[in-house]
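> Supplied in structure tokens, the structure appears directly below.
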Amino acid sequence: MLTVLVLVLLAAGCTGGDGSEPDSHSSPSGTGAGAKVLAVKIDNVAPARPQTGLERADIVYVEQVEAGLSRLLAVYSSDVPPVIGPVRSARETDLELLRQFDRPVLAFSGAQSRLLPDIDRAPLDAVPPSAAPRAYFRSPERPAPHNLQLRPERIPYTASGTNAVEALGLRFGPAPPGGRAEDSRTVRFPSARTTFTWSAERERWLVAMDGSPARTSEGEPLGAATVIVQDVTVRPSDFGDRSGSNTPFTETVGSGTALVLREGTAYEARWTRPAADADTRFTTPDGERIDLAEGPLWIVYAPR
């Protein structure tokens with residue numbers, strides 16, 4: 001049934017793909033109206049920057065993809081902008097990562113055909129262009145595939161108004177005792193790097209991508225209130241792209257070390273997630289919960 005639907009959608013001329021994976025998927029299994037969060041897969045190479053609406057995400061995940069590049073998964077709930085993008089394709093890593101949320105809506109440009117059945121079975125509402133063609137448009141200001149934009153108001157999603165951080169079982173609060181002063185931290189992938197530099201004036205960790213300051217589409221610096229560098233295992237998966245590059249899989253279930261950055265201070269931490277449907281817990285080495293600074297949270301999955 002899925003194969004037949006894919007062929008029908010392709011024949012209808014739906015144009016939401018990113019050039020490397022087919023842009024097709026069956027309609028979402030639920031309406032998404034009661035979902036707490038909207039997750040959007042965001043492009044993160046130079047031609048895709050500056051991204052639109054990224055500064056209004058509650059949580060931004062930085063993941064490694066093919067050829068050692070990075071891609072973002074932005075999670076919205078408290079504040080959903082009118083336009084988000086550029087939207088790109090989903091990965092296997094996203095399905096495990098998003099199990100932490102209560103049936104999220106996932107907006108993405110498409111996926112490899114072999115991954116589509118996994119997306120169908122995942123406990124989420126998938127909304128690619130084939131399921132909501134009026135919600136997506138191509139910006140004339142950039143070349144494809146770096147120009148697919150989403151209008152969230154045109155997909156079956158209603159924001160809860162609460163911060164997505166709360167859906168993870170995390171909370172905002174005072175900093176833990178201790179820590180060490182730190183004004184900059186860089187996380188490197190084989191072909192990408194993300195740097196966070198503390199700005200006391202803005203009370204934010206300003207983001208730089210591949211050595212260039214990240215900015216909003218209005219030209220303002222992009223920043224995070226809290227950054228978590230989560231040390232994870234990144235291994236080859238069973239999937240790859242058309243050029244023959246393997247798609248890495250980031251293991252977000254398990255445990256390991258982490259570094260929490262807030263207010264110009266770095267705190268050593270531990271993370272644990274015992275099962276795919278469990279939240280990730282961040283604690284001090286002594287087992288005390290670590291609270292977050294009020295504002296956007298960025299989580300970077302750093303290969304260990």
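Chain labels A, B, ... are given in the sequence in which chains occur in the structure tokens; within each chain residues are numbered consecutively from 1, and ligands are likewise numbered from 1 in the order shown.
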What residues in segment 101-298 of chain A get the DSSP label strand (DSSP E or B)? Please answer as a tab-separated table (two decimals) with N, CA and C atoms, in the first residue's frame.


```tsv
chain	number	residue	atom	x	y	z
A	105	VAL	N	4.77	16.21	15.92
A	105	VAL	CA	4.62	16.39	14.49
A	105	VAL	C	6.02	16.60	13.92
A	106	LEU	N	6.36	15.88	12.86
A	106	LEU	CA	7.67	16.01	12.23
A	106	LEU	C	7.49	16.54	10.82
A	107	ALA	N	8.04	17.72	10.55
A	107	ALA	CA	8.05	18.30	9.21
A	107	ALA	C	9.41	18.07	8.59
A	125	ASP	N	3.54	12.11	13.99
A	125	ASP	CA	2.73	12.50	12.84
A	125	ASP	C	3.65	13.14	11.81
A	126	ALA	N	3.88	12.43	10.71
A	126	ALA	CA	4.80	12.88	9.68
A	126	ALA	C	4.08	13.80	8.70
A	136	TYR	N	4.14	24.14	2.17
A	136	TYR	CA	5.54	24.31	1.75
A	136	TYR	C	5.62	25.19	0.51
A	137	PHE	N	6.72	25.93	0.41
A	137	PHE	CA	6.98	26.71	-0.79
A	137	PHE	C	8.47	26.83	-1.00
A	138	ARG	N	8.86	27.10	-2.23
A	138	ARG	CA	10.27	27.29	-2.60
A	138	ARG	C	10.58	28.78	-2.63
A	148	LEU	N	13.55	25.19	0.52
A	148	LEU	CA	12.20	24.73	0.86
A	148	LEU	C	11.81	25.28	2.22
A	149	GLN	N	10.70	26.03	2.26
A	149	GLN	CA	10.25	26.69	3.48
A	149	GLN	C	8.90	26.12	3.92
A	150	LEU	N	8.65	26.17	5.21
A	150	LEU	CA	7.41	25.65	5.80
A	150	LEU	C	6.59	26.78	6.40
A	172	PHE	N	13.70	24.93	33.99
A	172	PHE	CA	14.56	26.09	34.19
A	172	PHE	C	14.71	26.34	35.70
A	180	ARG	N	33.20	25.74	36.14
A	180	ARG	CA	34.40	26.52	35.84
A	180	ARG	C	34.07	27.55	34.76
A	181	ALA	N	34.74	28.67	34.85
A	181	ALA	CA	34.51	29.73	33.87
A	181	ALA	C	34.92	29.24	32.48
A	184	SER	N	34.08	29.92	25.63
A	184	SER	CA	33.93	29.40	24.28
A	184	SER	C	34.08	27.89	24.26
A	185	ARG	N	33.28	27.24	23.42
A	185	ARG	CA	33.36	25.79	23.26
A	185	ARG	C	33.03	25.45	21.81
A	186	THR	N	33.88	24.62	21.19
A	186	THR	CA	33.67	24.18	19.81
A	186	THR	C	33.47	22.68	19.77
A	187	VAL	N	32.47	22.24	19.04
A	187	VAL	CA	32.22	20.82	18.80
A	187	VAL	C	32.48	20.55	17.33
A	188	ARG	N	33.32	19.57	17.05
A	188	ARG	CA	33.73	19.29	15.68
A	188	ARG	C	33.16	17.97	15.17
A	189	PHE	N	32.61	18.00	13.96
A	189	PHE	CA	32.29	16.82	13.19
A	189	PHE	C	33.37	16.71	12.10
A	192	ALA	N	32.34	19.61	9.71
A	192	ALA	CA	31.57	20.74	10.23
A	192	ALA	C	31.99	21.02	11.66
A	193	ARG	N	31.78	22.27	12.08
A	193	ARG	CA	32.03	22.60	13.48
A	193	ARG	C	31.04	23.66	13.94
A	194	THR	N	30.70	23.56	15.22
A	194	THR	CA	29.78	24.51	15.84
A	194	THR	C	30.46	25.10	17.07
A	195	THR	N	30.49	26.41	17.14
A	195	THR	CA	31.16	27.11	18.25
A	195	THR	C	30.13	27.95	19.00
A	196	PHE	N	30.24	27.93	20.33
A	196	PHE	CA	29.39	28.74	21.19
A	196	PHE	C	30.30	29.66	22.00
A	197	THR	N	30.06	30.96	21.92
A	197	THR	CA	30.87	31.96	22.62
A	197	THR	C	29.97	32.77	23.53
A	198	TRP	N	30.33	32.85	24.81
A	198	TRP	CA	29.49	33.53	25.78
A	198	TRP	C	29.53	35.03	25.59
A	199	SER	N	28.35	35.66	25.56
A	199	SER	CA	28.22	37.10	25.51
A	199	SER	C	27.48	37.55	26.76
A	204	ARG	N	23.71	35.34	26.30
A	204	ARG	CA	23.51	34.22	25.39
A	204	ARG	C	24.86	33.65	24.95
A	205	TRP	N	24.84	32.37	24.62
A	205	TRP	CA	25.96	31.74	23.94
A	205	TRP	C	25.74	31.97	22.45
A	206	LEU	N	26.54	32.84	21.86
A	206	LEU	CA	26.37	33.15	20.45
A	206	LEU	C	26.91	31.99	19.60
A	207	VAL	N	26.18	31.65	18.57
A	207	VAL	CA	26.47	30.47	17.77
A	207	VAL	C	27.27	30.85	16.53
A	208	ALA	N	28.25	30.03	16.20
A	208	ALA	CA	28.98	30.16	14.94
A	208	ALA	C	28.98	28.80	14.26
A	209	MET	N	28.76	28.79	12.96
A	209	MET	CA	28.74	27.57	12.16
A	209	MET	C	29.91	27.57	11.19
A	212	SER	N	31.76	30.86	10.91
A	212	SER	CA	31.04	32.10	10.61
A	212	SER	C	29.93	32.33	11.64
A	213	PRO	N	29.81	33.56	12.15
A	213	PRO	CA	28.74	33.84	13.12
A	213	PRO	C	27.37	33.51	12.53
A	215	ARG	N	23.39	33.89	12.17
A	215	ARG	CA	22.46	35.01	12.33
A	215	ARG	C	21.06	34.59	11.93
A	221	PRO	N	22.26	38.25	15.84
A	221	PRO	CA	23.04	37.07	16.24
A	221	PRO	C	22.13	35.97	16.78
A	223	GLY	N	21.57	32.86	19.23
A	223	GLY	CA	22.16	32.49	20.51
A	223	GLY	C	21.33	31.49	21.29
A	224	ALA	N	21.97	30.89	22.29
A	224	ALA	CA	21.34	29.91	23.18
A	224	ALA	C	21.55	30.35	24.62
A	226	THR	N	21.22	28.00	27.16
A	226	THR	CA	21.93	26.83	27.67
A	226	THR	C	22.38	25.99	26.49
A	227	VAL	N	23.60	25.48	26.57
A	227	VAL	CA	24.13	24.55	25.57
A	227	VAL	C	24.51	23.27	26.30
A	228	ILE	N	24.07	22.13	25.77
A	228	ILE	CA	24.50	20.84	26.30
A	228	ILE	C	25.27	20.11	25.22
A	229	VAL	N	26.53	19.83	25.52
A	229	VAL	CA	27.35	19.02	24.63
A	229	VAL	C	27.26	17.59	25.15
A	230	GLN	N	26.53	16.76	24.45
A	230	GLN	CA	26.24	15.40	24.90
A	230	GLN	C	27.12	14.41	24.14
A	231	ASP	N	27.99	13.73	24.86
A	231	ASP	CA	28.90	12.76	24.24
A	231	ASP	C	28.14	11.47	23.93
A	232	VAL	N	28.13	11.10	22.65
A	232	VAL	CA	27.33	9.96	22.20
A	232	VAL	C	28.15	9.10	21.24
A	233	THR	N	27.65	7.90	21.01
A	233	THR	CA	28.23	7.02	19.99
A	233	THR	C	27.58	7.33	18.65
A	234	VAL	N	28.40	7.61	17.67
A	234	VAL	CA	27.94	7.83	16.30
A	234	VAL	C	28.53	6.70	15.45
A	235	ARG	N	27.67	5.88	14.90
A	235	ARG	CA	28.12	4.69	14.17
A	235	ARG	C	27.47	4.63	12.79
A	236	PRO	N	28.01	3.84	11.89
A	236	PRO	CA	27.36	3.68	10.58
A	236	PRO	C	25.99	3.04	10.73
A	237	SER	N	25.06	3.42	9.88
A	237	SER	CA	23.73	2.83	9.87
A	237	SER	C	23.58	1.93	8.64
A	238	ASP	N	22.38	1.44	8.42
A	238	ASP	CA	22.10	0.61	7.24
A	238	ASP	C	21.66	1.45	6.05
A	239	PHE	N	21.75	2.78	6.19
A	239	PHE	CA	21.27	3.67	5.14
A	239	PHE	C	22.43	4.47	4.55
A	240	GLY	N	22.21	4.99	3.36
A	240	GLY	CA	23.21	5.82	2.71
A	240	GLY	C	22.54	6.74	1.71
A	246	ASN	N	27.68	6.78	3.69
A	246	ASN	CA	26.84	6.16	4.71
A	246	ASN	C	26.21	7.22	5.60
A	247	THR	N	24.98	6.96	6.01
A	247	THR	CA	24.30	7.84	6.95
A	247	THR	C	24.64	7.42	8.37
A	248	PRO	N	25.29	8.27	9.15
A	248	PRO	CA	25.61	7.89	10.53
A	248	PRO	C	24.35	7.84	11.39
A	249	PHE	N	24.37	6.94	12.36
A	249	PHE	CA	23.30	6.85	13.34
A	249	PHE	C	23.83	7.29	14.68
A	250	THR	N	23.15	8.24	15.30
A	250	THR	CA	23.54	8.77	16.61
A	250	THR	C	22.73	8.05	17.68
A	251	GLU	N	23.41	7.37	18.59
A	251	GLU	CA	22.74	6.62	19.65
A	251	GLU	C	22.39	7.57	20.80
A	254	GLY	N	20.98	5.36	26.19
A	254	GLY	CA	22.18	4.88	26.88
A	254	GLY	C	22.59	5.83	27.97
A	255	SER	N	23.89	6.04	28.10
A	255	SER	CA	24.39	6.95	29.13
A	255	SER	C	25.78	7.42	28.72
A	256	GLY	N	26.24	8.47	29.39
A	256	GLY	CA	27.56	8.99	29.08
A	256	GLY	C	27.80	10.32	29.76
A	257	THR	N	28.84	10.98	29.34
A	257	THR	CA	29.20	12.28	29.90
A	257	THR	C	28.62	13.40	29.06
A	258	ALA	N	28.55	14.57	29.66
A	258	ALA	CA	28.06	15.76	28.97
A	258	ALA	C	28.70	16.99	29.59
A	259	LEU	N	28.58	18.09	28.90
A	259	LEU	CA	29.03	19.38	29.41
A	259	LEU	C	27.88	20.35	29.25
A	260	VAL	N	27.49	20.98	30.36
A	260	VAL	CA	26.40	21.95	30.34
A	260	VAL	C	26.99	23.34	30.44
A	261	LEU	N	26.67	24.19	29.47
A	261	LEU	CA	27.16	25.56	29.43
A	261	LEU	C	26.00	26.51	29.72
A	262	ARG	N	26.17	27.35	30.74
A	262	ARG	CA	25.19	28.37	31.02
A	262	ARG	C	25.85	29.53	31.75
A	265	THR	N	29.66	29.66	32.30
A	265	THR	CA	30.23	28.62	33.15
A	265	THR	C	29.95	27.25	32.56
A	266	ALA	N	30.92	26.34	32.69
A	266	ALA	CA	30.78	24.97	32.20
A	266	ALA	C	30.66	24.03	33.39
A	267	TYR	N	29.70	23.11	33.29
A	267	TYR	CA	29.46	22.14	34.36
A	267	TYR	C	29.60	20.73	33.80
A	268	GLU	N	30.45	19.93	34.44
A	268	GLU	CA	30.55	18.53	34.06
A	268	GLU	C	29.25	17.83	34.42
A	269	ALA	N	28.81	16.93	33.57
A	269	ALA	CA	27.51	16.30	33.78
A	269	ALA	C	27.51	14.86	33.28
A	270	ARG	N	26.45	14.17	33.63
A	270	ARG	CA	26.18	12.82	33.13
A	270	ARG	C	24.81	12.83	32.46
A	271	TRP	N	24.64	12.03	31.43
A	271	TRP	CA	23.31	11.88	30.84
A	271	TRP	C	22.92	10.41	30.85
A	272	THR	N	21.64	10.16	31.06
A	272	THR	CA	21.10	8.80	31.03
A	272	THR	C	19.75	8.81	30.34
A	273	ARG	N	19.54	7.81	29.51
A	273	ARG	CA	18.25	7.58	28.87
A	273	ARG	C	18.09	6.07	28.72
A	281	ARG	N	17.97	12.35	31.05
A	281	ARG	CA	18.18	13.04	32.33
A	281	ARG	C	19.62	13.53	32.39
A	282	PHE	N	19.81	14.79	32.75
A	282	PHE	CA	21.14	15.38	32.89
A	282	PHE	C	21.36	15.69	34.38
A	283	THR	N	22.46	15.18	34.92
A	283	THR	CA	22.76	15.35	36.33
A	283	THR	C	24.22	15.74	36.52
A	289	ARG	N	20.09	16.76	39.80
A	289	ARG	CA	19.56	17.27	38.54
A	289	ARG	C	20.17	18.62	38.20
A	292	LEU	N	18.23	24.39	33.78
A	292	LEU	CA	18.67	25.17	32.63
A	292	LEU	C	18.43	26.65	32.85
A	297	LEU	N	17.41	26.26	24.27
A	297	LEU	CA	18.34	25.18	24.61
A	297	LEU	C	18.88	24.58	23.31
A	298	TRP	N	20.19	24.49	23.21
A	298	TRP	CA	20.84	23.79	22.10
A	298	TRP	C	21.52	22.54	22.65
```

> How many Å separate atom CA of Ile42 of chain A from atom CA of Glu166 of chain A?

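If I compute the distance from atom CA of Ile42 of chain A to atom CA of Glu166 of chain A, I get 22.1 Å.
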
> Hey, which of A:Pro285, A:Gly264, A:Pro86, A:Pro47 ends up closest to Glu203 of chain A? Count only C-alpha atoms.

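Of the candidates, the smallest distance to Glu203 of chain A is held by A:Gly264.
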
> A:Arg134, A:Ala67, A:Thr252, A:Ala57: which is nearest Ala276 of chain A, counting only C-alpha atoms?

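Closest residue, counting only C-alpha atoms: A:Thr252.
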